[in-house]
Structures are given as structure tokens and as C-alpha cells.
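Novice: input03.txt is reproduced below (compact mmCIF, C-alpha atoms).
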```txt
# COMPACT_ATOMS: atom_id res chain seq x y z
CA MET X 1 22.82 12.39 4.19
CA PRO X 2 19.82 14.04 2.48
CA ILE X 3 17.50 12.53 -0.10
CA SER X 4 19.50 11.97 -3.30
CA PRO X 5 19.91 9.45 -6.14
CA PHE X 6 21.59 7.24 -3.54
CA SER X 7 18.35 7.19 -1.54
CA LYS X 8 16.56 5.83 -4.61
CA ARG X 9 19.24 3.18 -5.12
CA ASN X 10 19.10 2.08 -1.49
CA ILE X 11 15.32 1.87 -1.28
CA ASN X 12 15.29 -0.16 -4.51
CA VAL X 13 17.66 -2.67 -2.91
CA ILE X 14 15.41 -2.84 0.14
CA MET X 15 12.35 -3.45 -2.06
CA LEU X 16 14.22 -6.27 -3.83
CA ALA X 17 14.43 -8.11 -0.51
CA LEU X 18 10.92 -7.31 0.71
CA GLY X 19 8.92 -9.29 -1.86
CA PRO X 20 10.48 -12.72 -1.23
CA LEU X 21 10.84 -11.99 2.50
CA THR X 22 7.16 -11.09 2.81
CA LEU X 23 6.22 -14.26 0.94
CA PHE X 24 8.50 -16.38 3.13
CA MET X 25 7.11 -14.88 6.34
CA GLY X 26 3.55 -15.41 5.10
CA TYR X 27 4.33 -19.03 4.31
CA LEU X 28 5.84 -19.58 7.78
CA ILE X 29 2.86 -17.96 9.48
CA GLY X 30 0.44 -20.09 7.49
CA ALA X 31 2.44 -23.27 8.19
CA PHE X 32 2.77 -22.76 11.95
CA THR X 33 -0.73 -21.42 12.66
CA GLY X 34 -2.67 -23.58 10.22
CA GLY X 35 -4.73 -20.50 9.29
CA ALA X 36 -7.56 -21.62 11.57
CA ASP X 37 -7.53 -18.74 14.07
CA THR X 38 -7.84 -15.40 12.24
CA VAL X 39 -6.71 -13.29 15.19
CA ARG X 40 -3.68 -15.47 15.79
CA VAL X 41 -2.69 -15.41 12.10
CA PHE X 42 -2.95 -11.63 11.83
CA ALA X 43 -1.21 -11.11 15.17
CA TRP X 44 1.84 -12.95 13.85
CA ASN X 45 1.52 -11.13 10.53
CA ALA X 46 1.44 -7.76 12.31
CA LEU X 47 4.54 -8.64 14.34
CA LEU X 48 6.71 -10.43 11.77
CA VAL X 49 5.67 -8.80 8.49
CA GLU X 50 4.22 -5.37 9.19
CA LEU X 51 6.50 -4.33 12.04
CA LEU X 52 9.69 -6.39 11.61
CA VAL X 53 9.94 -6.61 7.81
CA ILE X 54 8.22 -3.37 6.71
CA TYR X 55 8.10 -0.71 9.42
CA LEU X 56 11.45 -1.00 11.23
CA PRO X 57 13.62 -1.08 8.06
CA SER X 58 11.62 1.86 6.65
CA ARG X 59 12.15 3.99 9.75
CA ARG X 60 15.85 3.12 9.82
CA PHE X 61 16.14 4.06 6.16
CA MET X 62 14.51 7.44 6.90
CA GLU X 63 16.91 8.13 9.74
CA LEU X 64 19.88 7.51 7.45
CA HIS X 65 18.58 9.57 4.51
CA GLY X 66 17.39 12.89 5.89
CA GLY X 67 15.07 12.14 8.82
CA HIS X 68 11.40 11.19 9.04
CA GLU X 69 10.08 14.65 8.13
CA ALA X 70 11.91 14.49 4.79
CA PHE X 71 9.81 11.41 3.99
CA GLY X 72 6.41 12.85 4.85
CA LEU X 73 6.02 11.98 8.53
CA VAL X 74 4.74 15.50 9.20
CA LYS X 75 1.99 16.40 11.66
CA ILE X 76 -1.40 17.42 10.25
CA LYS X 77 -4.43 19.19 11.71
CA PRO X 78 -7.47 17.31 13.16
CA VAL X 79 -9.62 18.56 10.27
CA GLU X 80 -7.21 16.90 7.84
CA TRP X 81 -7.52 13.61 9.73
CA ALA X 82 -11.31 13.89 9.46
CA TRP X 83 -11.26 14.58 5.71
CA ALA X 84 -8.75 11.77 5.17
CA LEU X 85 -10.98 9.28 6.99
CA LEU X 86 -13.93 10.30 4.82
CA LEU X 87 -11.74 10.00 1.73
CA GLY X 88 -10.74 6.50 2.86
CA ILE X 89 -14.41 5.51 3.01
CA GLY X 90 -14.93 6.83 -0.51
CA MET X 91 -11.82 4.95 -1.64
CA PHE X 92 -13.27 1.76 -0.15
CA PHE X 93 -16.41 2.01 -2.30
CA ILE X 94 -14.39 2.55 -5.49
CA SER X 95 -11.89 -0.21 -4.71
CA THR X 96 -14.72 -2.61 -3.85
CA ALA X 97 -16.32 -1.91 -7.22
CA LEU X 98 -12.99 -2.61 -8.95
CA SER X 99 -12.27 -5.80 -7.04
CA GLY X 100 -15.84 -7.04 -7.52
CA THR X 101 -15.59 -6.50 -11.26
CA MET X 102 -12.29 -8.39 -11.37
CA ARG X 103 -13.84 -11.25 -9.40
CA LEU X 104 -16.58 -11.52 -12.01
CA VAL X 105 -13.99 -11.55 -14.81
CA TYR X 106 -11.91 -14.26 -13.14
CA GLU X 107 -14.97 -16.37 -12.37
CA ALA X 108 -16.09 -16.04 -16.00
CA LEU X 109 -12.65 -17.39 -17.01
CA ASN X 110 -13.13 -20.32 -14.60
CA PHE X 111 -10.32 -19.12 -12.35
CA LYS X 112 -10.72 -20.10 -8.69
CA ALA X 113 -10.76 -16.50 -7.52
CA ALA X 114 -12.94 -17.26 -4.50
CA ASP X 115 -10.33 -19.72 -3.19
CA PHE X 116 -7.80 -16.89 -3.00
CA SER X 117 -10.10 -14.15 -1.68
CA GLN X 118 -9.12 -12.20 1.40
CA ALA X 119 -12.46 -12.43 3.23
CA VAL X 120 -11.90 -12.29 6.99
CA PHE X 121 -14.51 -13.14 9.59
CA PRO X 122 -13.36 -11.28 12.69
CA GLY X 123 -15.94 -12.59 15.15
CA SER X 124 -17.25 -10.46 18.01
CA GLY X 125 -16.15 -8.98 21.32
CA TRP X 126 -12.43 -8.69 21.94
CA ARG X 127 -11.64 -10.65 18.79
CA PHE X 128 -13.28 -7.99 16.64
CA TYR X 129 -11.39 -5.13 18.31
CA ALA X 130 -8.15 -7.09 18.09
CA SER X 131 -8.83 -7.63 14.37
CA LEU X 132 -9.32 -3.88 13.90
CA LEU X 133 -5.93 -3.21 15.47
CA LEU X 134 -4.14 -5.99 13.60
CA ILE X 135 -5.75 -5.54 10.17
CA ALA X 136 -6.71 -1.85 10.00
CA VAL X 137 -4.36 0.13 12.25
CA ILE X 138 -0.97 -1.60 12.21
CA PRO X 139 -0.81 -2.40 8.45
CA ALA X 140 -1.90 1.14 7.57
CA PHE X 141 0.77 2.62 9.83
CA ALA X 142 3.56 0.27 8.69
CA GLU X 143 2.82 0.02 4.94
CA GLU X 144 2.30 3.75 4.46
CA THR X 145 5.61 4.42 6.20
CA LEU X 146 7.26 2.39 3.46
CA PHE X 147 5.20 2.99 0.30
CA ARG X 148 4.01 6.59 0.76
CA GLY X 149 7.05 7.47 2.85
CA ALA X 150 10.44 5.93 2.13
CA LEU X 151 9.62 4.69 -1.38
CA LEU X 152 7.54 7.55 -2.79
CA PHE X 153 9.80 10.34 -1.53
CA SER X 154 13.00 8.56 -2.58
CA TRP X 155 11.65 8.32 -6.13
CA LEU X 156 10.47 11.95 -6.36
CA PRO X 157 13.77 13.43 -7.61
CA GLY X 158 13.36 11.28 -10.73
CA GLY X 159 9.90 12.64 -11.49
CA VAL X 160 6.53 12.86 -9.76
CA LYS X 161 4.66 10.55 -12.16
CA ALA X 162 7.34 7.85 -12.04
CA ALA X 163 7.44 8.00 -8.24
CA LEU X 164 3.66 7.80 -7.94
CA ILE X 165 3.25 4.93 -10.42
CA ASN X 166 6.19 2.87 -9.15
CA SER X 167 5.27 3.18 -5.48
CA SER X 168 1.64 2.27 -6.26
CA LEU X 169 2.49 -0.65 -8.53
CA LEU X 170 4.99 -2.14 -6.10
CA PHE X 171 2.41 -1.67 -3.33
CA ALA X 172 -0.08 -3.70 -5.37
CA LEU X 173 2.35 -6.42 -6.44
CA VAL X 174 3.80 -7.05 -2.98
CA HIS X 175 0.32 -7.98 -1.67
CA LEU X 176 0.36 -11.07 -3.91
CA GLN X 177 -3.36 -10.79 -4.64
CA PRO X 178 -3.81 -10.92 -8.44
CA VAL X 179 -7.58 -10.59 -8.20
CA GLU X 180 -7.26 -7.42 -6.15
CA LEU X 181 -4.28 -5.99 -8.04
CA PRO X 182 -6.16 -3.24 -9.99
CA SER X 183 -8.00 -2.24 -6.82
CA ILE X 184 -4.84 -2.06 -4.68
CA PHE X 185 -2.99 -0.20 -7.44
CA PHE X 186 -5.82 2.37 -7.59
CA MET X 187 -5.70 2.81 -3.81
CA GLY X 188 -1.95 3.33 -4.01
CA LEU X 189 -2.41 6.05 -6.61
CA MET X 190 -5.04 7.81 -4.49
CA MET X 191 -2.98 7.67 -1.30
CA GLY X 192 0.17 8.74 -3.14
CA ALA X 193 -1.57 11.72 -4.73
CA VAL X 194 -2.95 12.79 -1.35
CA THR X 195 0.52 12.47 0.19
CA LEU X 196 2.00 14.76 -2.45
CA VAL X 197 -0.79 17.30 -2.09
CA CYS X 198 -0.63 17.39 1.71
CA GLY X 199 3.14 17.08 2.09
CA SER X 200 2.46 14.37 4.67
CA ASN X 201 1.72 10.65 4.50
CA LEU X 202 -0.40 10.69 7.65
CA PRO X 203 -3.59 11.27 5.60
CA ALA X 204 -2.68 8.15 3.58
CA MET X 205 -2.43 6.20 6.84
CA ALA X 206 -5.91 7.40 7.80
CA MET X 207 -7.28 6.47 4.35
CA HIS X 208 -5.66 3.04 4.46
CA GLY X 209 -6.94 2.36 7.96
CA ALA X 210 -10.47 3.54 7.12
CA ASN X 211 -10.57 1.31 4.04
CA ASN X 212 -9.55 -1.78 6.03
CA ALA X 213 -11.82 -0.93 8.95
CA ILE X 214 -14.91 -0.52 6.75
CA ALA X 215 -14.19 -3.89 5.13
CA LEU X 216 -13.96 -5.52 8.57
CA LEU X 217 -17.16 -3.85 9.76
CA LEU X 218 -19.08 -5.09 6.75
CA MET X 219 -17.74 -8.62 7.21
CA ARG X 220 -18.59 -8.46 10.92
CA PHE X 221 -22.25 -7.77 10.26
CA ALA X 222 -22.66 -9.86 7.12
CA ASP X 223 -23.22 -13.60 7.06
CA ASP X 224 -20.38 -15.85 5.95
CA ALA X 225 -21.74 -16.49 2.45
CA THR X 226 -22.23 -12.81 1.72
CA ALA X 227 -18.80 -11.84 3.07
CA ALA X 228 -17.09 -14.53 1.03
CA GLY X 229 -18.78 -13.37 -2.16
CA ALA X 230 -20.56 -16.66 -2.80
CA ASP X 231 -23.00 -17.19 -5.66
CA LEU X 232 -21.65 -14.42 -7.85
CA ASP X 233 -24.24 -13.33 -10.39
CA ALA X 234 -23.20 -10.66 -12.88
CA LYS X 235 -26.78 -9.54 -13.54
CA THR X 236 -27.40 -8.73 -9.90
CA LEU X 237 -23.89 -7.74 -8.85
CA LEU X 238 -22.92 -5.34 -11.66
CA PRO X 239 -25.61 -2.73 -10.80
CA VAL X 240 -24.47 -2.83 -7.17
CA LEU X 241 -20.86 -2.32 -8.21
CA LEU X 242 -21.85 0.63 -10.39
CA VAL X 243 -23.65 2.21 -7.42
CA TYR X 244 -20.59 1.61 -5.26
CA ALA X 245 -18.36 3.28 -7.86
CA ALA X 246 -20.71 6.29 -8.12
CA ILE X 247 -20.98 6.75 -4.35
CA GLY X 248 -17.24 6.33 -3.91
CA GLY X 249 -16.43 8.72 -6.75
CA LEU X 250 -18.66 11.51 -5.48
CA GLY X 251 -17.56 11.03 -1.87
CA SER X 252 -13.89 10.92 -2.79
CA PHE X 253 -14.12 14.05 -4.94
CA ALA X 254 -15.76 16.06 -2.16
CA SER X 255 -13.42 14.72 0.53
CA PHE X 256 -10.31 15.36 -1.56
CA ARG X 257 -11.30 18.99 -2.11
CA GLY X 258 -11.86 19.43 1.61
CA LEU X 259 -8.55 17.78 2.49
CA ARG X 260 -6.64 19.82 -0.09
CA ALA X 261 -8.10 23.06 1.23
CA ALA X 262 -7.26 22.12 4.83
CA ALA X 263 -3.69 21.21 3.88
CA ALA X 264 -3.33 24.49 1.99
CA ARG X 265 -4.35 26.45 5.09
CA ARG X 266 -1.81 24.53 7.22
CA LEU X 267 1.00 25.08 4.72
CA GLU X 268 -0.13 28.60 3.85
CA LYS X 269 -0.04 27.78 0.14
CA SER X 270 -2.65 27.76 -2.58
CA PRO X 271 -4.00 24.28 -3.49
CA LYS X 272 -2.33 24.44 -6.92
CA GLU X 273 1.11 24.92 -5.35
CA LEU X 274 0.84 21.87 -3.09
CA ALA X 275 1.21 19.13 -5.71
CA LEU X 276 4.67 20.34 -6.78
CA LYS X 277 5.97 21.41 -3.38
CA ASN X 278 7.77 18.22 -2.38
CA ALA X 279 8.96 17.35 -5.89
CA GLN X 280 10.65 20.73 -6.33
CA ALA X 281 12.30 20.54 -2.92
CA LEU X 282 13.59 17.02 -3.51
CA VAL X 283 14.94 17.79 -6.97
CA HIS X 284 16.87 20.63 -5.35
CA LEU X 285 18.20 18.27 -2.67
CA ALA X 286 19.30 15.79 -5.31
CA ALA X 287 21.17 18.54 -7.17
CA ILE X 288 23.13 19.67 -4.12
CA ALA X 289 23.61 16.24 -2.47
CA PRO X 290 27.24 15.76 -1.42
CA SER X 291 29.29 13.11 -3.24
CA PRO X 292 31.71 10.69 -1.59
CA VAL X 293 35.31 11.88 -1.28
CA GLY X 294 37.53 11.17 -4.29
CA ALA X 295 34.75 10.59 -6.83
CA LYS X 296 33.38 12.88 -9.50
CA PRO X 297 29.70 13.81 -8.91
CA PRO X 298 28.46 12.83 -12.43
CA GLU X 299 30.16 9.44 -12.17
CA ILE X 300 28.75 8.78 -8.73
CA ARG X 301 25.23 9.72 -9.80
CA ARG X 302 25.50 7.52 -12.89
CA ARG X 303 26.57 4.55 -10.76
CA ALA X 304 23.75 5.19 -8.33
CA ALA X 305 21.21 5.35 -11.14
CA LEU X 306 22.45 2.14 -12.77
CA SER X 307 22.53 0.26 -9.49
CA GLY X 308 19.07 1.44 -8.55
CA LYS X 309 17.66 0.56 -11.96
CA ALA X 310 18.97 -3.01 -11.76
CA ALA X 311 17.47 -3.48 -8.30
CA VAL X 312 14.03 -2.17 -9.24
CA VAL X 313 13.95 -4.24 -12.46
CA LEU X 314 14.77 -7.37 -10.46
CA THR X 315 12.11 -6.40 -7.92
CA TYR X 316 9.48 -6.20 -10.63
CA ILE X 317 10.59 -9.53 -12.11
CA VAL X 318 10.40 -11.28 -8.73
CA LEU X 319 7.02 -9.82 -7.81
CA LEU X 320 5.53 -10.45 -11.25
CA LEU X 321 6.68 -14.08 -11.09
CA LEU X 322 5.17 -14.52 -7.64
CA ASN X 323 1.86 -12.99 -8.73
CA GLY X 324 1.96 -15.17 -11.85
CA LEU X 325 2.39 -18.21 -9.63
CA MET X 326 -0.68 -17.18 -7.65
CA LEU X 327 -2.64 -16.81 -10.90
CA LEU X 328 -1.50 -20.26 -11.98
CA ALA X 329 -2.68 -21.64 -8.65
CA MET X 330 -6.18 -20.41 -9.46
CA VAL X 331 -6.24 -22.76 -12.42
CA LEU X 332 -4.15 -25.65 -11.10
CA ASP X 333 -4.04 -27.19 -7.63
CA ILE X 334 -0.49 -26.49 -6.48
CA PRO X 335 0.35 -28.10 -3.09
CA GLY X 336 1.44 -25.66 -0.42
CA LEU X 337 0.03 -22.48 -1.90
CA GLU X 338 -3.08 -22.73 0.24
CA LEU X 339 -0.88 -21.63 3.15
CA LEU X 340 -0.43 -18.21 1.47
CA LYS X 341 -4.15 -17.48 1.23
CA SER X 342 -4.19 -16.05 4.77
```
Now, as a test, write the supplied structure out as C-alpha cells.
Specialist:
Amino acid sequence: MPISPFSKRNINVIMLALGPLTLFMGYLIGAFTGGADTVRVFAWNALLVELLVIYLPSRRFMELHGGHEAFGLVKIKPVEWAWALLLGIGMFFISTALSGTMRLVYEALNFKAADFSQAVFPGSGWRFYASLLLIAVIPAFAEETLFRGALLFSWLPGGVKAALINSSLLFALVHLQPVELPSIFFMGLMMGAVTLVCGSNLPAMAMHGANNAIALLLMRFADDATAAGADLDAKTLLPVLLVYAAIGGLGSFASFRGLRAAAARRLEKSPKELALKNAQALVHLAAIAPSPVGAKPPEIRRRAALSGKAAVVLTYIVLLLLNGLMLLAMVLDIPGLELLKS
């Protein structure tokens, strides 16, 4: 069964289950580990959330809807990996500037943003290397399989912009980090755009992993107060954030051009042709997708579209409510929510 409107409907149903399931798993992990041991918490998160809830269902979905190559799991050249890693570093600087600015805004509004920050102190020795695997490698591999793989490519027949925005917004909302939401949304847009240009989501995995790894490295060599973002001062922090944004913007621009050129050589296409390559192919697949026996194609497609729309609307409602609850917890002390901060 190739990618079709039914693929979009099915992935929307899957996304409807993922938000609450991710929250439930996070709550269980926080309750049973106590959040004291970072490596232990993220080991359970990698196993139960990243692999069991996100990766395995995504790979099964791909197998049932055209195979992994139809969803961007396509090999790339070593030079593309290198450019993608550099682009991930640039993305880190821009996203840090965005998240730092949002922290200042929330603190100015007397929201307890610091209480819900995602600062991680990985320690040293084996604990640090285990943290790299559990926080940088596995989440990048699993989450990009879903968001820049199954989700993005399933949405492409309905339009490139809609697919890019929806996959990025759902990626941001499912993290349940209101302070970081603009930053995560921006990262989703960058990784989605790179996936469309390269015809592969492996560069997005490299970008995602590089972003998380750089954050861990900085926290490893910074003291606890610095890593946690204590003593925020807009007068001293804003210039730093502007420098971060400038460095990240220049680095990302140069790296993106290099990555696009490398992908063009691999695909033997001009850079301008790459952005539309997958969208055109998937629209064609949607047009020729076989319909179930005994049903008229227009009727079947209409049902698929309506069913998919209901699922994605419910997904947005659920995720927006959960993020709203987290925002409320920044103002009010709600028992139990501290278990979700890990």
C-alpha cells in the first residue's frame, strides 16, 4: 500500500495516541525513579518512550505504507553527514537564542520558567557517555523517524507547507515544554526543510543529535548555576543571545548551502529541483493509490480526509491542553506535575 490519503489518516490516528501516551510514560518514569539519577531516568525514557512508543510504531507504519525509503530513510554520503552536523551546531545557537529570550519573557511575567527547565547535569566518565547515547543519539534517531519520516511524508500529498508546519508544530507540542516551544518549533522547521531538500531524513537525525550533544557538552563543562540559567539578567543576557543568533544564522546559512549542493550531486539534480522532488512524487502516488474493492475512489478519499482531519484536530486539542496545564503549573503549585519536569 503506497503513500496515500489513507497514510495521512492513519498517522493522524497514531499521533492522537502519542501525546497522552508520552505524558503517561513520562509520569510513570518520574514516579518510579524519583528523578534523582539522570542516567537512570533517561535510560527508561529511551527504552519506554523513544523506542517503544515512538520508534517501533513509526517503523511499523512505514512498512505498511510503502516501505522505509518512501518515508525518507535513504542513505546519504559522508559529506552530507558532515554538513548536517555543522548545520545542527548552527541550529543549536539559534534555538538557544530563542529559548533564552523566551525564558526572559516568562521570568518577566513572574512565571516559574526555571522550575520547568530541561537543564541536565550529565556528570563525568561513563555517565557522560551514557547521557550522550540516551539524550543525543537515541532521541534523534527515534523522533526523526516519526516527525521527519512517517509524519512529514504522509502529509506531503496535501501540500508541502502544511506538511512542514504540522509536523514541526506537533513536534514542538509533544515535548510539553512551553518555554521551549518556539525554539523546538523552529528546529522542526529547519530539519523538515532539510529533509525535503535532501530527500532523506538522515541529515535531520544528524542535526538533532548535534543539537542535543552540544547542549550536553556545555552543561558538562559549565557549573550548575550557569547550566540552570540562574540569575537571569536581561541587560547582560540579551547581547549574548544576539551574538548566538548571529553566529547560528551565519553558520546555518553556510552549512545549508553546502548540504544542499552535496545532496544535489548525490541525486544528480539542481538544488532548485530538490525542494519539490518528494512532494511531486507523493502527489502522484496519492493520485494513483488503489481504492478498496467495492468503493468509489472519490468517496473513499473523502472519508479518509474527514477521518484524518478529526484525528489531527483532536491531537492539537489534547496537546494544547497539556501544554496549557504546564503553563498553569508555572504560576500555580499543582501537586504531581513536578514528576514531569524530567
Novice: Select, from X:Ala43, X:Met191, X:Leu238, X:Ala261, the residue with the minimum atom-to-atom distance to Gly30 (chain X), counting all atoms listed in the file.
Specialist: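 Result for the nearest residue to Gly30 (chain X): X:Ala43.
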Novice: Kindly indicate which residue among X:Ser95, X:Thr38, X:Thr33, X:Asn323 lies nearest to Ala246 (chain X), using only C-alpha atoms for the distances.
Specialist: X:Ser95
Novice: Just want the 10 Å neighbourhood of Val312 (chain X), counted on all atoms listed in the file, with same-chain residues fewer than 6 positions away dropped. Output as a VMD selection string.
Specialist: chain X and resid 8 to 9 11 to 16 166 170 318
Novice: Quick one: residues within 12 Å of (9.8, -6.6, 8.9) (file frame), counting only C-alpha atoms, please, as a PyMOL selection string.
Specialist: chain X and resi 14-15+17-26+44-60+139+142-143+146
Novice: Restricting the calculation to all atoms listed in the file: of X:Ile3, X:Leu196, X:Ala97, X:Leu218, which residue gets closest to Pro157 (chain X)?
Specialist: X:Ile3
Novice: Mind giving me the straight-line distance from CA of Val174 (chain X) to CA of Ala245 (chain X) in Å, one decimal?
Specialist: 24.9 Å
Novice: Between CA of Ile94 (chain X) and CA of Gly248 (chain X), what is the distance in Å, rounded to a tenth?
Specialist: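 Pair CA of Ile94 (chain X) / CA of Gly248 (chain X) returns 5.0 Å.
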Novice: Rounded to one decimal, what separation in Å do you get between CA of Ser168 (chain X) and CA of Trp155 (chain X)?
Specialist: 11.7 Å
Novice: Every residue with an atom at most 6 Å from (-7.5, -21.0, -10.0) (file coordinates; all atoms listed in the file) is what I'm after, so could you write them as JSON, numbers by chain?
Specialist: {"X": [111, 112, 329, 330, 331, 332]}
Novice: Rebuild N, CA and C atoms on region 13-46 of chain X, as a PDB file, in the coordinates of the input?
Specialist:
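That gives us rebuild-v9.pdb:
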```
ATOM      1  N   VAL X  13      17.050  -1.446  -3.437  1.00  0.00           N
ATOM      2  CA  VAL X  13      17.660  -2.670  -2.910  1.00  0.00           C
ATOM      3  C   VAL X  13      16.809  -3.253  -1.793  1.00  0.00           C
ATOM      4  N   ILE X  14      16.281  -2.375  -0.945  1.00  0.00           N
ATOM      5  CA  ILE X  14      15.410  -2.840   0.140  1.00  0.00           C
ATOM      6  C   ILE X  14      14.158  -3.505  -0.429  1.00  0.00           C
ATOM      7  N   MET X  15      13.550  -2.883  -1.455  1.00  0.00           N
ATOM      8  CA  MET X  15      12.350  -3.450  -2.060  1.00  0.00           C
ATOM      9  C   MET X  15      12.641  -4.807  -2.698  1.00  0.00           C
ATOM     10  N   LEU X  16      13.847  -4.997  -3.219  1.00  0.00           N
ATOM     11  CA  LEU X  16      14.220  -6.270  -3.830  1.00  0.00           C
ATOM     12  C   LEU X  16      14.161  -7.401  -2.809  1.00  0.00           C
ATOM     13  N   ALA X  17      14.463  -7.088  -1.555  1.00  0.00           N
ATOM     14  CA  ALA X  17      14.430  -8.110  -0.510  1.00  0.00           C
ATOM     15  C   ALA X  17      13.036  -8.302   0.074  1.00  0.00           C
ATOM     16  N   LEU X  18      12.205  -7.256   0.022  1.00  0.00           N
ATOM     17  CA  LEU X  18      10.920  -7.310   0.710  1.00  0.00           C
ATOM     18  C   LEU X  18       9.939  -8.305   0.112  1.00  0.00           C
ATOM     19  N   GLY X  19       9.888  -8.391  -1.236  1.00  0.00           N
ATOM     20  CA  GLY X  19       8.920  -9.290  -1.860  1.00  0.00           C
ATOM     21  C   GLY X  19       9.095 -10.736  -1.424  1.00  0.00           C
ATOM     22  N   PRO X  20      10.265 -11.337  -1.672  1.00  0.00           N
ATOM     23  CA  PRO X  20      10.480 -12.720  -1.230  1.00  0.00           C
ATOM     24  C   PRO X  20      10.394 -12.887   0.291  1.00  0.00           C
ATOM     25  N   LEU X  21      10.874 -11.884   1.042  1.00  0.00           N
ATOM     26  CA  LEU X  21      10.840 -11.990   2.500  1.00  0.00           C
ATOM     27  C   LEU X  21       9.402 -11.983   3.016  1.00  0.00           C
ATOM     28  N   THR X  22       8.569 -11.119   2.422  1.00  0.00           N
ATOM     29  CA  THR X  22       7.160 -11.090   2.810  1.00  0.00           C
ATOM     30  C   THR X  22       6.486 -12.417   2.507  1.00  0.00           C
ATOM     31  N   LEU X  23       6.776 -12.961   1.321  1.00  0.00           N
ATOM     32  CA  LEU X  23       6.220 -14.260   0.940  1.00  0.00           C
ATOM     33  C   LEU X  23       6.680 -15.345   1.904  1.00  0.00           C
ATOM     34  N   PHE X  24       7.959 -15.359   2.239  1.00  0.00           N
ATOM     35  CA  PHE X  24       8.500 -16.380   3.130  1.00  0.00           C
ATOM     36  C   PHE X  24       7.860 -16.289   4.517  1.00  0.00           C
ATOM     37  N   MET X  25       7.739 -15.070   5.028  1.00  0.00           N
ATOM     38  CA  MET X  25       7.110 -14.880   6.340  1.00  0.00           C
ATOM     39  C   MET X  25       5.656 -15.336   6.312  1.00  0.00           C
ATOM     40  N   GLY X  26       4.941 -14.987   5.225  1.00  0.00           N
ATOM     41  CA  GLY X  26       3.550 -15.410   5.100  1.00  0.00           C
ATOM     42  C   GLY X  26       3.419 -16.914   5.073  1.00  0.00           C
ATOM     43  N   TYR X  27       4.336 -17.569   4.383  1.00  0.00           N
ATOM     44  CA  TYR X  27       4.330 -19.030   4.310  1.00  0.00           C
ATOM     45  C   TYR X  27       4.577 -19.631   5.695  1.00  0.00           C
ATOM     46  N   LEU X  28       5.551 -19.078   6.437  1.00  0.00           N
ATOM     47  CA  LEU X  28       5.840 -19.580   7.780  1.00  0.00           C
ATOM     48  C   LEU X  28       4.641 -19.402   8.706  1.00  0.00           C
ATOM     49  N   ILE X  29       4.018 -18.215   8.631  1.00  0.00           N
ATOM     50  CA  ILE X  29       2.860 -17.960   9.480  1.00  0.00           C
ATOM     51  C   ILE X  29       1.745 -18.940   9.169  1.00  0.00           C
ATOM     52  N   GLY X  30       1.474 -19.144   7.870  1.00  0.00           N
ATOM     53  CA  GLY X  30       0.440 -20.090   7.490  1.00  0.00           C
ATOM     54  C   GLY X  30       0.764 -21.508   7.924  1.00  0.00           C
ATOM     55  N   ALA X  31       2.036 -21.901   7.837  1.00  0.00           N
ATOM     56  CA  ALA X  31       2.440 -23.270   8.190  1.00  0.00           C
ATOM     57  C   ALA X  31       2.328 -23.519   9.693  1.00  0.00           C
ATOM     58  N   PHE X  32       2.736 -22.537  10.507  1.00  0.00           N
ATOM     59  CA  PHE X  32       2.770 -22.760  11.950  1.00  0.00           C
ATOM     60  C   PHE X  32       1.445 -22.481  12.646  1.00  0.00           C
ATOM     61  N   THR X  33       0.576 -21.685  12.030  1.00  0.00           N
ATOM     62  CA  THR X  33      -0.730 -21.420  12.660  1.00  0.00           C
ATOM     63  C   THR X  33      -1.834 -22.273  12.070  1.00  0.00           C
ATOM     64  N   GLY X  34      -1.621 -22.794  10.861  1.00  0.00           N
ATOM     65  CA  GLY X  34      -2.670 -23.580  10.220  1.00  0.00           C
ATOM     66  C   GLY X  34      -3.772 -22.736   9.627  1.00  0.00           C
ATOM     67  N   GLY X  35      -3.731 -21.411   9.859  1.00  0.00           N
ATOM     68  CA  GLY X  35      -4.730 -20.500   9.290  1.00  0.00           C
ATOM     69  C   GLY X  35      -6.098 -20.612   9.913  1.00  0.00           C
ATOM     70  N   ALA X  36      -6.228 -21.384  11.000  1.00  0.00           N
ATOM     71  CA  ALA X  36      -7.560 -21.620  11.570  1.00  0.00           C
ATOM     72  C   ALA X  36      -8.037 -20.430  12.398  1.00  0.00           C
ATOM     73  N   ASP X  37      -7.166 -19.846  13.180  1.00  0.00           N
ATOM     74  CA  ASP X  37      -7.530 -18.740  14.070  1.00  0.00           C
ATOM     75  C   ASP X  37      -7.117 -17.426  13.417  1.00  0.00           C
ATOM     76  N   THR X  38      -8.111 -16.644  12.958  1.00  0.00           N
ATOM     77  CA  THR X  38      -7.840 -15.400  12.240  1.00  0.00           C
ATOM     78  C   THR X  38      -7.028 -14.424  13.077  1.00  0.00           C
ATOM     79  N   VAL X  39      -7.407 -14.246  14.330  1.00  0.00           N
ATOM     80  CA  VAL X  39      -6.710 -13.290  15.190  1.00  0.00           C
ATOM     81  C   VAL X  39      -5.264 -13.707  15.393  1.00  0.00           C
ATOM     82  N   ARG X  40      -5.038 -14.987  15.584  1.00  0.00           N
ATOM     83  CA  ARG X  40      -3.680 -15.470  15.790  1.00  0.00           C
ATOM     84  C   ARG X  40      -2.836 -15.262  14.525  1.00  0.00           C
ATOM     85  N   VAL X  41      -3.405 -15.573  13.364  1.00  0.00           N
ATOM     86  CA  VAL X  41      -2.690 -15.410  12.100  1.00  0.00           C
ATOM     87  C   VAL X  41      -2.292 -13.955  11.900  1.00  0.00           C
ATOM     88  N   PHE X  42      -3.231 -13.039  12.082  1.00  0.00           N
ATOM     89  CA  PHE X  42      -2.950 -11.630  11.830  1.00  0.00           C
ATOM     90  C   PHE X  42      -2.100 -11.006  12.935  1.00  0.00           C
ATOM     91  N   ALA X  43      -2.110 -11.589  14.121  1.00  0.00           N
ATOM     92  CA  ALA X  43      -1.210 -11.110  15.170  1.00  0.00           C
ATOM     93  C   ALA X  43       0.239 -11.396  14.783  1.00  0.00           C
ATOM     94  N   TRP X  44       0.500 -12.618  14.303  1.00  0.00           N
ATOM     95  CA  TRP X  44       1.840 -12.950  13.850  1.00  0.00           C
ATOM     96  C   TRP X  44       2.225 -12.153  12.606  1.00  0.00           C
ATOM     97  N   ASN X  45       1.257 -11.931  11.723  1.00  0.00           N
ATOM     98  CA  ASN X  45       1.520 -11.130  10.530  1.00  0.00           C
ATOM     99  C   ASN X  45       1.898  -9.693  10.896  1.00  0.00           C
ATOM    100  N   ALA X  46       1.157  -9.133  11.876  1.00  0.00           N
ATOM    101  CA  ALA X  46       1.440  -7.760  12.310  1.00  0.00           C
ATOM    102  C   ALA X  46       2.840  -7.659  12.903  1.00  0.00           C
TER     103      ALA X  46
END
```
